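Undergrad: Next up, my_file34.cif (mmCIF, C-alpha atoms and all ligand atoms).
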```
data_work
#
loop_
_atom_site.label_atom_id
_atom_site.label_comp_id
_atom_site.auth_asym_id
_atom_site.auth_seq_id
_atom_site.Cartn_x
_atom_site.Cartn_y
_atom_site.Cartn_z
CA MET A 1 0.00 0.00 0.00
CA THR A 2 1.53 3.34 -0.99
CA ALA A 3 -1.02 5.67 0.58
CA ARG A 4 0.20 5.81 4.14
CA ILE A 5 -1.13 6.58 7.60
CA SER A 6 0.56 9.47 9.43
CA GLY A 7 3.30 8.75 11.94
CA ARG A 8 1.16 10.38 14.61
CA ALA A 9 -1.77 8.06 13.93
CA ARG A 10 0.50 5.04 13.77
CA ALA A 11 2.03 5.92 17.12
CA VAL A 12 -1.21 6.43 19.05
CA HIS A 13 -2.58 3.44 20.97
CA ALA A 14 -6.26 2.58 21.20
CA SER A 15 -7.72 3.13 24.70
CA PRO A 16 -7.16 -0.17 26.56
CA THR A 17 -10.01 0.56 28.97
CA LEU A 18 -12.50 1.10 26.16
CA ALA A 19 -11.08 -1.94 24.32
CA LEU A 20 -11.54 -4.17 27.35
CA ALA A 21 -15.07 -2.91 27.95
CA ALA A 22 -15.90 -3.65 24.28
CA LYS A 23 -14.33 -7.13 24.46
CA ALA A 24 -16.27 -8.02 27.62
CA LYS A 25 -19.50 -6.78 26.06
CA ALA A 26 -18.94 -8.72 22.83
CA ARG A 27 -18.32 -11.94 24.77
CA ARG A 28 -21.40 -11.32 26.89
CA ASP A 29 -23.51 -10.61 23.80
CA ALA A 30 -22.26 -13.91 22.39
CA GLY A 31 -23.74 -15.67 25.42
CA GLU A 32 -20.62 -15.99 27.63
CA ASP A 33 -20.94 -15.40 31.34
CA ILE A 34 -18.42 -12.57 31.90
CA VAL A 35 -18.24 -10.30 34.94
CA SER A 36 -16.68 -7.02 33.89
CA PHE A 37 -14.68 -4.92 36.33
CA GLY A 38 -13.33 -3.08 33.31
CA ALA A 39 -15.58 -0.20 32.45
CA GLY A 40 -15.08 3.14 34.11
CA GLU A 41 -18.80 3.82 34.05
CA PRO A 42 -21.64 3.54 36.54
CA ASP A 43 -24.12 0.69 36.08
CA PHE A 44 -26.97 3.04 37.09
CA ASP A 45 -29.24 4.49 34.45
CA THR A 46 -29.17 8.27 33.94
CA PRO A 47 -31.70 9.77 36.41
CA ARG A 48 -35.15 10.25 34.89
CA ARG A 49 -35.39 14.02 35.24
CA ILE A 50 -32.20 14.42 33.20
CA LYS A 51 -33.54 12.24 30.41
CA GLU A 52 -36.84 14.13 30.49
CA ALA A 53 -35.04 17.45 30.08
CA ALA A 54 -33.29 16.15 26.96
CA VAL A 55 -36.54 14.76 25.54
CA ARG A 56 -38.23 18.10 26.22
CA ALA A 57 -35.41 19.89 24.43
CA LEU A 58 -35.90 17.67 21.37
CA GLU A 59 -39.64 18.23 21.42
CA MET A 60 -39.11 21.98 21.63
CA GLY A 61 -36.98 21.83 18.50
CA ARG A 62 -33.68 22.46 20.25
CA THR A 63 -31.90 20.53 17.56
CA LYS A 64 -29.61 23.16 16.04
CA TYR A 65 -25.99 24.15 16.70
CA THR A 66 -25.18 25.94 19.93
CA ALA A 67 -22.25 28.29 20.39
CA THR A 68 -19.03 26.27 20.21
CA ALA A 69 -18.39 27.07 23.90
CA GLY A 70 -21.78 25.57 24.80
CA LEU A 71 -25.16 26.99 25.83
CA ARG A 72 -24.82 30.15 27.87
CA GLU A 73 -27.49 28.79 30.26
CA LEU A 74 -25.39 25.67 30.84
CA ARG A 75 -22.22 27.67 31.38
CA GLU A 76 -24.08 29.79 33.96
CA VAL A 77 -25.04 26.65 35.86
CA ILE A 78 -21.49 25.26 35.65
CA ARG A 79 -20.23 28.58 36.95
CA ALA A 80 -22.54 28.42 40.00
CA ARG A 81 -21.64 24.78 40.60
CA MET A 82 -17.91 25.50 40.58
CA VAL A 83 -18.34 28.26 43.15
CA ARG A 84 -20.41 25.98 45.38
CA ASP A 85 -18.45 22.72 45.08
CA GLY A 86 -14.89 23.81 44.44
CA GLY A 87 -14.69 27.40 45.71
CA LEU A 88 -13.72 28.46 42.18
CA ASP A 89 -15.00 31.62 40.51
CA TYR A 90 -14.99 31.75 36.71
CA SER A 91 -16.98 33.93 34.33
CA THR A 92 -18.98 32.25 31.56
CA GLU A 93 -16.29 33.41 29.08
CA GLU A 94 -13.84 31.32 31.08
CA ILE A 95 -15.87 28.11 30.64
CA LEU A 96 -15.92 25.81 27.59
CA VAL A 97 -18.32 22.87 27.26
CA SER A 98 -16.96 19.93 25.24
CA CYS A 99 -17.86 16.44 24.05
CA GLY A 100 -16.84 14.77 27.30
CA ALA A 101 -14.07 15.67 29.72
CA LYS A 102 -11.86 13.73 27.33
CA GLN A 103 -12.25 16.40 24.66
CA SER A 104 -11.72 19.13 27.27
CA LEU A 105 -8.39 17.51 28.17
CA TYR A 106 -7.42 16.97 24.54
CA ASN A 107 -8.08 20.67 23.91
CA VAL A 108 -5.81 21.60 26.84
CA PHE A 109 -2.94 19.44 25.59
CA GLN A 110 -3.33 20.86 22.08
CA ALA A 111 -3.56 24.43 23.35
CA VAL A 112 -0.40 24.46 25.47
CA LEU A 113 2.03 21.89 24.06
CA ASP A 114 4.38 22.31 21.13
CA SER A 115 6.63 19.74 19.62
CA GLY A 116 9.55 18.98 21.95
CA ASP A 117 7.76 20.19 25.09
CA GLU A 118 7.33 17.99 28.15
CA ALA A 119 4.11 17.14 29.99
CA VAL A 120 4.50 15.86 33.56
CA ILE A 121 2.08 13.03 34.31
CA CYS A 122 1.80 11.16 37.61
CA ALA A 123 1.73 7.34 37.50
CA PRO A 124 -0.50 5.46 37.98
CA TYR A 125 -2.19 7.67 35.39
CA TRP A 126 -5.38 7.61 33.38
CA VAL A 127 -4.51 5.84 30.14
CA SER A 128 -5.21 8.78 27.83
CA TYR A 129 -2.82 11.42 29.24
CA PRO A 130 0.44 10.15 27.70
CA GLU A 131 -1.28 9.54 24.39
CA MET A 132 -2.72 13.06 24.37
CA ALA A 133 0.75 14.47 25.09
CA ARG A 134 2.22 12.50 22.19
CA LEU A 135 -0.62 13.54 19.88
CA ALA A 136 0.43 17.13 20.60
CA GLY A 137 4.03 16.27 19.66
CA ALA A 138 5.21 16.49 23.27
CA THR A 139 6.99 14.00 25.51
CA PRO A 140 5.24 12.60 28.58
CA VAL A 141 7.48 12.69 31.65
CA VAL A 142 6.18 10.22 34.21
CA VAL A 143 6.44 10.84 37.97
CA PRO A 144 5.90 7.66 39.96
CA CYS A 145 3.51 7.87 42.93
CA ARG A 146 4.38 4.97 45.17
CA GLU A 147 2.02 2.59 46.90
CA GLU A 148 3.91 3.25 50.19
CA ASP A 149 2.87 6.91 49.85
CA GLY A 150 -0.77 5.95 49.29
CA PHE A 151 -0.22 6.66 45.56
CA GLN A 152 0.02 10.35 46.46
CA LEU A 153 2.17 12.71 44.45
CA VAL A 154 5.12 13.72 46.67
CA PRO A 155 6.31 17.35 46.23
CA GLU A 156 9.99 16.30 45.95
CA ALA A 157 9.12 13.88 43.15
CA LEU A 158 7.25 16.63 41.27
CA ALA A 159 10.24 18.97 41.72
CA ARG A 160 12.56 16.33 40.22
CA ALA A 161 10.32 15.85 37.17
CA LEU A 162 10.08 19.55 36.22
CA SER A 163 12.52 20.93 33.67
CA PRO A 164 12.85 24.05 31.52
CA ARG A 165 11.02 22.07 28.82
CA THR A 166 7.98 21.36 31.01
CA ARG A 167 4.87 23.15 29.74
CA LEU A 168 2.12 21.16 31.47
CA VAL A 169 1.56 19.27 34.73
CA VAL A 170 -1.51 17.05 34.97
CA LEU A 171 -3.14 16.45 38.35
CA ASN A 172 -6.03 14.04 38.84
CA SER A 173 -7.77 13.81 42.19
CA PRO A 174 -9.71 11.66 42.98
CA ASN A 175 -7.45 9.53 40.84
CA ASN A 176 -8.24 7.01 38.16
CA PRO A 177 -7.01 4.23 38.70
CA THR A 178 -5.94 4.42 42.38
CA GLY A 179 -8.71 6.44 44.05
CA ALA A 180 -6.05 8.56 45.80
CA VAL A 181 -7.30 11.99 46.87
CA LEU A 182 -5.01 15.02 47.23
CA SER A 183 -5.68 16.90 50.45
CA ARG A 184 -5.62 20.68 50.78
CA GLU A 185 -2.27 20.45 52.56
CA ARG A 186 -0.75 18.24 49.87
CA LEU A 187 -2.05 20.54 47.13
CA ALA A 188 -0.58 23.56 48.94
CA ALA A 189 2.80 21.80 49.07
CA LEU A 190 2.63 20.94 45.35
CA ALA A 191 1.63 24.55 44.60
CA GLY A 192 4.78 25.63 46.48
CA VAL A 193 6.88 23.61 44.01
CA LEU A 194 4.97 24.94 41.00
CA ALA A 195 5.47 28.54 42.19
CA ASP A 196 9.09 28.25 41.00
CA TRP A 197 7.96 27.33 37.46
CA PRO A 198 5.86 30.26 36.18
CA ASP A 199 5.85 28.98 32.56
CA VAL A 200 4.09 25.76 33.42
CA TRP A 201 0.35 25.21 32.91
CA ILE A 202 -1.58 22.93 35.27
CA ALA A 203 -4.47 20.74 34.13
CA SER A 204 -6.57 19.64 37.09
CA ASP A 205 -8.75 16.69 36.10
CA ASP A 206 -11.54 16.84 38.68
CA ILE A 207 -13.97 14.47 36.92
CA TYR A 208 -14.48 12.35 40.11
CA GLU A 209 -14.82 15.39 42.41
CA ARG A 210 -18.18 14.36 43.88
CA LEU A 211 -17.23 10.72 44.49
CA LEU A 212 -15.42 10.91 47.84
CA TYR A 213 -15.79 8.31 50.59
CA THR A 214 -13.68 9.11 53.61
CA GLY A 215 -15.26 12.32 54.84
CA GLY A 216 -12.71 14.78 53.45
CA ARG A 217 -13.92 17.83 51.52
CA PHE A 218 -13.00 18.10 47.87
CA ALA A 219 -10.04 20.40 47.21
CA THR A 220 -8.64 21.58 43.90
CA ILE A 221 -5.35 23.36 43.29
CA ALA A 222 -6.67 26.62 41.79
CA ALA A 223 -8.81 27.17 44.92
CA VAL A 224 -6.12 26.10 47.40
CA ALA A 225 -3.44 28.24 45.72
CA PRO A 226 -5.17 31.22 44.03
CA ALA A 227 -1.78 32.39 42.74
CA LEU A 228 -1.93 29.46 40.31
CA ARG A 229 -5.40 30.28 39.02
CA ASP A 230 -3.99 32.19 36.04
CA ARG A 231 -2.27 29.11 34.71
CA THR A 232 -4.62 26.33 35.76
CA VAL A 233 -7.35 24.72 33.67
CA VAL A 234 -9.94 22.79 35.67
CA VAL A 235 -11.64 19.93 33.85
CA SER A 236 -14.78 18.14 34.98
CA GLY A 237 -18.03 16.81 33.59
CA VAL A 238 -21.26 14.93 34.13
CA SER A 239 -20.23 11.46 32.85
CA LYS A 240 -19.29 9.81 36.13
CA THR A 241 -21.29 11.78 38.67
CA TYR A 242 -24.69 11.57 36.98
CA ALA A 243 -24.28 8.23 35.17
CA MET A 244 -24.12 10.08 31.83
CA THR A 245 -21.05 8.52 30.17
CA GLY A 246 -22.78 8.17 26.80
CA TRP A 247 -24.07 11.74 26.71
CA ARG A 248 -20.56 13.08 26.08
CA ILE A 249 -20.66 16.32 28.02
CA GLY A 250 -17.62 17.66 29.88
CA TYR A 251 -16.27 21.12 30.54
CA ALA A 252 -13.16 23.14 31.26
CA ALA A 253 -12.66 26.41 33.13
CA GLY A 254 -9.58 28.58 33.11
CA PRO A 255 -8.20 31.99 32.18
CA ALA A 256 -9.99 33.53 29.18
CA GLU A 257 -6.92 33.34 26.92
CA ILE A 258 -6.50 29.56 27.11
CA ILE A 259 -10.24 28.90 27.08
CA ALA A 260 -10.43 30.97 23.86
CA ALA A 261 -7.54 28.96 22.37
CA MET A 262 -9.26 25.71 23.30
CA GLY A 263 -12.49 27.10 21.82
CA ARG A 264 -10.74 27.77 18.50
CA ILE A 265 -9.47 24.20 18.41
CA GLN A 266 -12.96 22.92 19.19
CA ASP A 267 -14.43 25.27 16.53
CA GLN A 268 -12.34 23.54 13.89
CA THR A 269 -12.85 19.99 15.11
CA THR A 270 -16.29 19.26 16.58
CA SER A 271 -18.07 22.64 17.10
CA GLY A 272 -20.31 22.72 20.19
CA PRO A 273 -21.42 19.47 21.86
CA THR A 274 -24.79 17.87 21.05
CA THR A 275 -27.51 20.41 21.82
CA PHE A 276 -30.11 18.25 23.59
CA ALA A 277 -27.36 16.50 25.61
CA GLN A 278 -26.38 19.96 26.87
CA TRP A 279 -29.98 20.55 28.02
CA GLY A 280 -29.80 17.23 29.86
CA ALA A 281 -26.51 18.25 31.50
CA LEU A 282 -28.11 21.53 32.53
CA ALA A 283 -30.89 19.60 34.30
CA ALA A 284 -28.26 17.40 35.99
CA LEU A 285 -26.17 20.29 37.27
CA SER A 286 -29.02 22.59 38.30
CA ALA A 287 -31.06 20.12 40.39
CA ASP A 288 -30.84 20.73 44.12
CA PRO A 289 -30.80 18.42 45.97
CA ASP A 290 -29.31 16.43 43.13
CA ASP A 291 -29.21 12.75 42.29
CA VAL A 292 -25.60 12.16 43.28
CA GLU A 293 -25.79 11.26 46.97
CA PRO A 294 -27.74 7.98 46.64
CA MET A 295 -25.31 6.84 43.93
CA ARG A 296 -22.26 7.92 45.95
CA ALA A 297 -23.55 6.08 49.03
CA GLU A 298 -24.10 2.93 46.98
CA PHE A 299 -20.58 3.15 45.50
CA ASP A 300 -19.23 3.47 49.02
CA ARG A 301 -21.07 0.35 50.14
CA ARG A 302 -19.62 -1.55 47.17
CA ARG A 303 -16.16 -0.11 47.81
CA ARG A 304 -16.17 -1.46 51.38
CA ARG A 305 -17.44 -4.84 50.27
CA MET A 306 -14.85 -5.10 47.51
CA LEU A 307 -12.07 -4.26 49.97
CA GLU A 308 -13.37 -6.93 52.36
CA LEU A 309 -13.44 -9.56 49.63
CA LEU A 310 -9.99 -8.59 48.31
CA ALA A 311 -8.51 -8.71 51.81
CA ALA A 312 -9.61 -12.34 52.03
CA ILE A 313 -7.59 -13.36 48.94
CA PRO A 314 -4.05 -14.49 49.84
CA GLY A 315 -1.35 -12.72 47.82
CA ILE A 316 -3.44 -9.62 47.04
CA THR A 317 -3.10 -6.35 48.95
CA CYS A 318 -4.95 -3.12 48.31
CA VAL A 319 -4.61 0.51 49.37
CA PRO A 320 -8.20 1.62 50.14
CA PRO A 321 -9.36 4.16 47.56
CA GLU A 322 -10.69 7.41 49.01
CA GLY A 323 -12.53 8.50 45.88
CA ALA A 324 -13.55 7.65 42.27
CA PHE A 325 -14.86 4.09 41.74
CA TYR A 326 -11.86 1.83 41.34
CA THR A 327 -9.67 -0.35 43.53
CA PHE A 328 -6.09 -0.87 42.39
CA PRO A 329 -4.93 -4.08 44.11
CA ASN A 330 -1.29 -5.15 44.06
CA VAL A 331 -0.97 -8.61 42.51
CA GLY A 332 2.84 -8.68 42.41
CA ARG A 333 3.01 -11.68 44.70
CA LEU A 334 0.94 -13.79 42.30
CA LEU A 335 3.30 -13.24 39.38
CA GLY A 336 5.72 -15.99 38.43
CA LYS A 337 3.25 -18.66 39.58
CA ARG A 338 2.18 -21.57 37.43
CA TYR A 339 -1.26 -21.75 35.82
CA GLY A 340 -1.90 -24.96 33.92
CA GLY A 341 1.02 -25.51 31.57
CA SER A 342 2.50 -21.99 31.74
CA PHE A 343 3.51 -19.22 34.12
CA VAL A 344 1.67 -15.99 34.86
CA GLU A 345 4.47 -13.50 34.23
CA SER A 346 2.74 -10.12 34.36
CA SER A 347 -0.49 -8.38 35.29
CA VAL A 348 -1.39 -8.46 31.57
CA GLY A 349 -0.92 -12.25 31.69
CA LEU A 350 -3.03 -12.47 34.83
CA CYS A 351 -5.85 -10.52 33.13
CA ASP A 352 -5.71 -12.91 30.15
CA VAL A 353 -6.14 -15.86 32.48
CA LEU A 354 -8.90 -14.07 34.38
CA LEU A 355 -10.80 -13.48 31.15
CA GLU A 356 -10.66 -17.23 30.45
CA ARG A 357 -12.27 -17.68 33.88
CA GLY A 358 -15.06 -15.18 33.14
CA VAL A 359 -13.63 -11.98 34.68
CA ALA A 360 -12.65 -8.83 32.78
CA ALA A 361 -10.16 -6.62 34.68
CA VAL A 362 -7.73 -3.99 33.41
CA PRO A 363 -4.03 -4.71 34.03
CA GLY A 364 -1.79 -2.05 35.58
CA GLU A 365 0.53 -1.74 32.57
CA PRO A 366 -1.48 0.83 30.56
CA PHE A 367 -1.75 2.96 33.72
CA GLY A 368 2.05 2.96 34.01
CA ALA A 369 1.94 0.55 36.96
CA PRO A 370 2.70 -3.11 36.13
CA GLY A 371 1.87 -5.58 38.89
CA TYR A 372 -1.57 -4.18 39.66
CA LEU A 373 -5.14 -4.69 38.51
CA ARG A 374 -7.79 -2.04 38.19
CA LEU A 375 -11.21 -3.23 39.34
CA SER A 376 -14.16 -0.89 38.91
CA PHE A 377 -16.77 -1.07 41.67
CA ALA A 378 -19.31 0.72 39.51
CA LEU A 379 -20.87 -2.66 38.67
CA GLY A 380 -23.87 -4.33 40.37
CA SER A 381 -23.33 -6.04 43.75
CA ALA A 382 -24.31 -9.54 42.63
CA ASP A 383 -21.83 -9.38 39.74
CA MET A 384 -19.16 -8.01 42.05
CA GLU A 385 -19.58 -10.93 44.49
CA LYS A 386 -19.52 -13.44 41.64
CA GLY A 387 -16.47 -11.86 39.99
CA LEU A 388 -14.46 -11.69 43.20
CA ALA A 389 -15.31 -15.32 43.99
CA ARG A 390 -13.90 -16.20 40.56
CA ILE A 391 -10.73 -14.21 41.21
CA ALA A 392 -10.30 -15.95 44.59
CA LYS A 393 -10.78 -19.34 42.94
CA LEU A 394 -8.21 -18.57 40.24
CA VAL A 395 -5.68 -17.38 42.83
CA ALA A 396 -6.20 -20.62 44.76
CA ASP A 397 -5.48 -22.56 41.56
CA LEU A 398 -2.12 -20.83 40.96
CA ALA A 399 0.82 -22.95 42.02
N1 LIG B 401 -10.53 11.83 33.15
C1 LIG B 401 -10.54 10.68 33.82
C2 LIG B 401 -9.57 10.52 34.94
C3 LIG B 401 -11.43 9.66 33.50
O1 LIG B 401 -11.43 8.52 34.18
C4 LIG B 401 -12.32 9.84 32.42
C5 LIG B 401 -13.26 8.72 32.07
N2 LIG B 401 -13.46 8.43 30.78
C6 LIG B 401 -12.27 11.08 31.73
C7 LIG B 401 -11.37 12.04 32.12
C8 LIG B 401 -13.15 11.40 30.56
O2 LIG B 401 -14.49 11.52 30.89
P1 LIG B 401 -15.61 11.74 29.78
O3 LIG B 401 -16.38 10.45 29.72
O4 LIG B 401 -16.45 12.88 30.30
O5 LIG B 401 -14.95 12.08 28.51
N1 LIG B 402 -12.39 6.72 31.90
C1 LIG B 402 -13.01 5.43 31.79
C2 LIG B 402 -12.04 4.37 32.23
O1 LIG B 402 -10.96 4.68 32.65
C3 LIG B 402 -13.62 5.20 30.44
C4 LIG B 402 -12.72 4.65 29.39
C5 LIG B 402 -11.89 5.68 28.65
O2 LIG B 402 -12.39 6.76 28.38
O3 LIG B 402 -10.73 5.34 28.35
O4 LIG B 402 -12.39 3.22 32.20
#
```
Show this structure as structure tokens.
TA:
Amino acid sequence: MTARISGRARAVHASPTLALAAKAKARRDAGEDIVSFGAGEPDFDTPRRIKEAAVRALEMGRTKYTATAGLRELREVIRARMVRDGGLDYSTEEILVSCGAKQSLYNVFQAVLDSGDEAVICAPYWVSYPEMARLAGATPVVVPCREEDGFQLVPEALARALSPRTRLVVLNSPNNPTGAVLSRERLAALAGVLADWPDVWIASDDIYERLLYTGGRFATIAAVAPALRDRTVVVSGVSKTYAMTGWRIGYAAGPAEIIAAMGRIQDQTTSGPTTFAQWGALAALSADPDDVEPMRAEFDRRRRRMLELLAAIPGITCVPPEGAFYTFPNVGRLLGKRYGGSFVESSVGLCDVLLERGVAAVPGEPFGAPGYLRLSFALGSADMEKGLARIAKLVADLA
């Protein structure tokens, strides 16, 4: 074939989390009994009032383009929400609505990174950050966050990773995949390090901000360290909190200059997000009291149960997640063991064997953390019990 694919497209990897979710679904559709801990999405349906708002919008003929930045009414509601939940004050010109938080993040990477720049990313990281950095021509620089530190980013480690080529630091709390939550104090210490690097942008991925389990209040760096507000972009959305993953609505807030740059990129790629989905998001974000607490409480119940069941499996240890909806158990002690005629050499290998036994789990490798599994607890309780029983049985069969 002489017509070729670009180097950039050849280099980018497909999302392993989406791939696993698709594989589990295909096997289930084909009649196999698979329990999936793979998908980063709630099993709940989108709350009725949100769906009704979107249906109403369609019936009212709200089927045309909106401004690329999103409906002004929606941006007003996001603005009020950010003041209330995060202590952040942005004007509507400083807010951009996108097709999922994923597009918001992609826009940030594209808006601040040039070829040869560095983007500092903390491992374990959400699978898409390094790929987004590379798509912008930049180099991801990975800072390890160790299990002994509760997977928390340590200020000294951040300081070591920064260089004159750094243009972006990505923070994600609550974290996917570890559930680690950065406290106010930790954020203040990290802000102290970043104060010495005035040319560096900060992307704060707050998509799991409402899913906290251990009583702490949500904190985000631009609120903790107002001096950094002028170079921070906050990203969030409705996907996880309101069980709206398929609606594809996320948003970003930051200084007008970068939000305008991101808006120009969005103008030339997707335009504004789907109009009636925006009306649904508006209903989600403006309801008070909203639909989040019952879902959060149920996730917490499942989180505790999953930790209990994991603790009973010899060879697996797990740092309790404080937020999001994943556990990230260490399976290092199971590696090198024999399964049937071969050895389980890596967490990827362990996930392959698990899939044979009817369990879909994401290995640590694509999160930059080999030797771990990511298990979502956003699945139903009965499935969770069944899946963990299968994991326990497999572990018992390893020799
Ligand atoms: N950031 C993180 C950490 C996530 O886990 C996800 C989940 N897909 C996203 C961003 C993107 O969310 P969305 O579905 O709104 O694009
Ligand atoms: N963020 C989710 C996850 O980590 C959805 C998949 C994706 O967007 O990659 O599973």
Undergrad: Write out, as a Markdown table, each residue of chain A that has an atom at most 8 Å from ligand LIG 401 (chain B), together with the closest pair of atoms and their distance in Å to one decimal, counting only C-alpha atoms and all ligand atoms, rows going by chain and rising number.
TA:
```
| residue | atom | partner | partner_atom | distance |
| --- | --- | --- | --- | --- |
| A:Gly40 | CA | B:LIG401 | C5 | 6.2 |
| A:Glu41 | CA | B:LIG401 | C5 | 7.7 |
| A:Cys99 | CA | B:LIG401 | O5 | 6.9 |
| A:Gly100 | CA | B:LIG401 | O5 | 3.5 |
| A:Ala101 | CA | B:LIG401 | O4 | 3.7 |
| A:Lys102 | CA | B:LIG401 | O5 | 3.7 |
| A:Gln103 | CA | B:LIG401 | O5 | 6.4 |
| A:Ser104 | CA | B:LIG401 | O5 | 7.9 |
| A:Leu105 | CA | B:LIG401 | C7 | 7.4 |
| A:Tyr125 | CA | B:LIG401 | C2 | 7.9 |
| A:Trp126 | CA | B:LIG401 | C2 | 5.3 |
| A:Asn172 | CA | B:LIG401 | C2 | 6.3 |
| A:Asn175 | CA | B:LIG401 | C2 | 6.3 |
| A:Asn176 | CA | B:LIG401 | C2 | 4.9 |
| A:Pro177 | CA | B:LIG401 | O1 | 7.6 |
| A:Asp205 | CA | B:LIG401 | N1 | 6.0 |
| A:Asp206 | CA | B:LIG401 | N1 | 7.5 |
| A:Ile207 | CA | B:LIG401 | N1 | 5.7 |
| A:Tyr208 | CA | B:LIG401 | C2 | 7.4 |
| A:Ser236 | CA | B:LIG401 | O4 | 7.2 |
| A:Gly237 | CA | B:LIG401 | O4 | 5.4 |
| A:Val238 | CA | B:LIG401 | O4 | 6.5 |
| A:Ser239 | CA | B:LIG401 | O4 | 4.8 |
| A:Lys240 | CA | B:LIG401 | O3 | 7.1 |
| A:Thr245 | CA | B:LIG401 | O3 | 5.1 |
| A:Gly246 | CA | B:LIG401 | O3 | 7.4 |
| A:Arg248 | CA | B:LIG401 | O4 | 5.9 |
| A:Ile249 | CA | B:LIG401 | O4 | 5.9 |
| A:Gly250 | CA | B:LIG401 | O4 | 4.9 |
```
Undergrad: Taking C-alpha atoms for each residue, export the selection above as an mmCIF file, in the frame of the given file.
TA:
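again.cif, freshly written:
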```
data_model
loop_
_atom_site.group_PDB
_atom_site.id
_atom_site.type_symbol
_atom_site.label_atom_id
_atom_site.label_comp_id
_atom_site.auth_asym_id
_atom_site.auth_seq_id
_atom_site.Cartn_x
_atom_site.Cartn_y
_atom_site.Cartn_z
ATOM 1 C CA GLY A 40 -15.080 3.140 34.110
ATOM 2 C CA GLU A 41 -18.800 3.820 34.050
ATOM 3 C CA CYS A 99 -17.860 16.440 24.050
ATOM 4 C CA GLY A 100 -16.840 14.770 27.300
ATOM 5 C CA ALA A 101 -14.070 15.670 29.720
ATOM 6 C CA LYS A 102 -11.860 13.730 27.330
ATOM 7 C CA GLN A 103 -12.250 16.400 24.660
ATOM 8 C CA SER A 104 -11.720 19.130 27.270
ATOM 9 C CA LEU A 105 -8.390 17.510 28.170
ATOM 10 C CA TYR A 125 -2.190 7.670 35.390
ATOM 11 C CA TRP A 126 -5.380 7.610 33.380
ATOM 12 C CA ASN A 172 -6.030 14.040 38.840
ATOM 13 C CA ASN A 175 -7.450 9.530 40.840
ATOM 14 C CA ASN A 176 -8.240 7.010 38.160
ATOM 15 C CA PRO A 177 -7.010 4.230 38.700
ATOM 16 C CA ASP A 205 -8.750 16.690 36.100
ATOM 17 C CA ASP A 206 -11.540 16.840 38.680
ATOM 18 C CA ILE A 207 -13.970 14.470 36.920
ATOM 19 C CA TYR A 208 -14.480 12.350 40.110
ATOM 20 C CA SER A 236 -14.780 18.140 34.980
ATOM 21 C CA GLY A 237 -18.030 16.810 33.590
ATOM 22 C CA VAL A 238 -21.260 14.930 34.130
ATOM 23 C CA SER A 239 -20.230 11.460 32.850
ATOM 24 C CA LYS A 240 -19.290 9.810 36.130
ATOM 25 C CA THR A 245 -21.050 8.520 30.170
ATOM 26 C CA GLY A 246 -22.780 8.170 26.800
ATOM 27 C CA ARG A 248 -20.560 13.080 26.080
ATOM 28 C CA ILE A 249 -20.660 16.320 28.020
ATOM 29 C CA GLY A 250 -17.620 17.660 29.880
#
```
Undergrad: What does the distance between atom CA of Val233 of chain A and atom CA of Glu76 of chain A come to in Å, to one decimal place?
TA: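 Calculated distance between atom CA of Val233 of chain A and atom CA of Glu76 of chain A is 17.5 Å.
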Undergrad: Measuring between only C-alpha atoms, which one of A:Ala311, A:Leu285, A:Leu388, A:Leu194 shows the shortest distance to Ala80 of chain A?
TA: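 Ranking A:Ala311, A:Leu285, A:Leu388, A:Leu194 by distance to Ala80 of chain A, first place goes to A:Leu285.
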Undergrad: Determine the nearest neighbour of Ala222 of chain A from the options A:His13, A:Met132, A:Gly86, A:Gly150, counting only C-alpha atoms.
TA: A:Gly86
Undergrad: Can you build me a table of chain A residues sitting at most 6 Å from ligand LIG 402 (chain B), with the closest atom pair per residue and its distance in Å to one decimal, using all atoms listed in the file, sorted by chain and residue number, as JSON lines?
TA:
```
{"residue": "A:Ser15", "atom": "CA", "partner": "B:LIG402", "partner_atom": "O3", "distance": 5.2}
{"residue": "A:Thr17", "atom": "CA", "partner": "B:LIG402", "partner_atom": "O4", "distance": 4.8}
{"residue": "A:Leu18", "atom": "CA", "partner": "B:LIG402", "partner_atom": "C4", "distance": 4.8}
{"residue": "A:Ala39", "atom": "CA", "partner": "B:LIG402", "partner_atom": "O4", "distance": 4.7}
{"residue": "A:Gly40", "atom": "CA", "partner": "B:LIG402", "partner_atom": "O4", "distance": 3.3}
```
Undergrad: Can you tell me which residues surround segment 328-330 of chain A at a distance of at most 8 Å, considering all atoms listed in the file, apart from same-chain residues fewer than 3 positions away, and format the answer as an mmCIF file with C-alpha atoms, keeping the file's coordinate frame?
TA:
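Saved the output as selection08.cif:
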```cif
data_model
loop_
_atom_site.group_PDB
_atom_site.id
_atom_site.type_symbol
_atom_site.label_atom_id
_atom_site.label_comp_id
_atom_site.auth_asym_id
_atom_site.auth_seq_id
_atom_site.Cartn_x
_atom_site.Cartn_y
_atom_site.Cartn_z
ATOM 1 C CA PRO A 177 -7.010 4.230 38.700
ATOM 2 C CA THR A 178 -5.940 4.420 42.380
ATOM 3 C CA GLY A 179 -8.710 6.440 44.050
ATOM 4 C CA LEU A 310 -9.990 -8.590 48.310
ATOM 5 C CA ILE A 316 -3.440 -9.620 47.040
ATOM 6 C CA THR A 317 -3.100 -6.350 48.950
ATOM 7 C CA CYS A 318 -4.950 -3.120 48.310
ATOM 8 C CA VAL A 319 -4.610 0.510 49.370
ATOM 9 C CA PRO A 321 -9.360 4.160 47.560
ATOM 10 C CA ARG A 333 3.010 -11.680 44.700
ATOM 11 C CA GLY A 371 1.870 -5.580 38.890
ATOM 12 C CA TYR A 372 -1.570 -4.180 39.660
ATOM 13 C CA LEU A 373 -5.140 -4.690 38.510
ATOM 14 C CA ARG A 374 -7.790 -2.040 38.190
ATOM 15 C CA LEU A 375 -11.210 -3.230 39.340
#
```
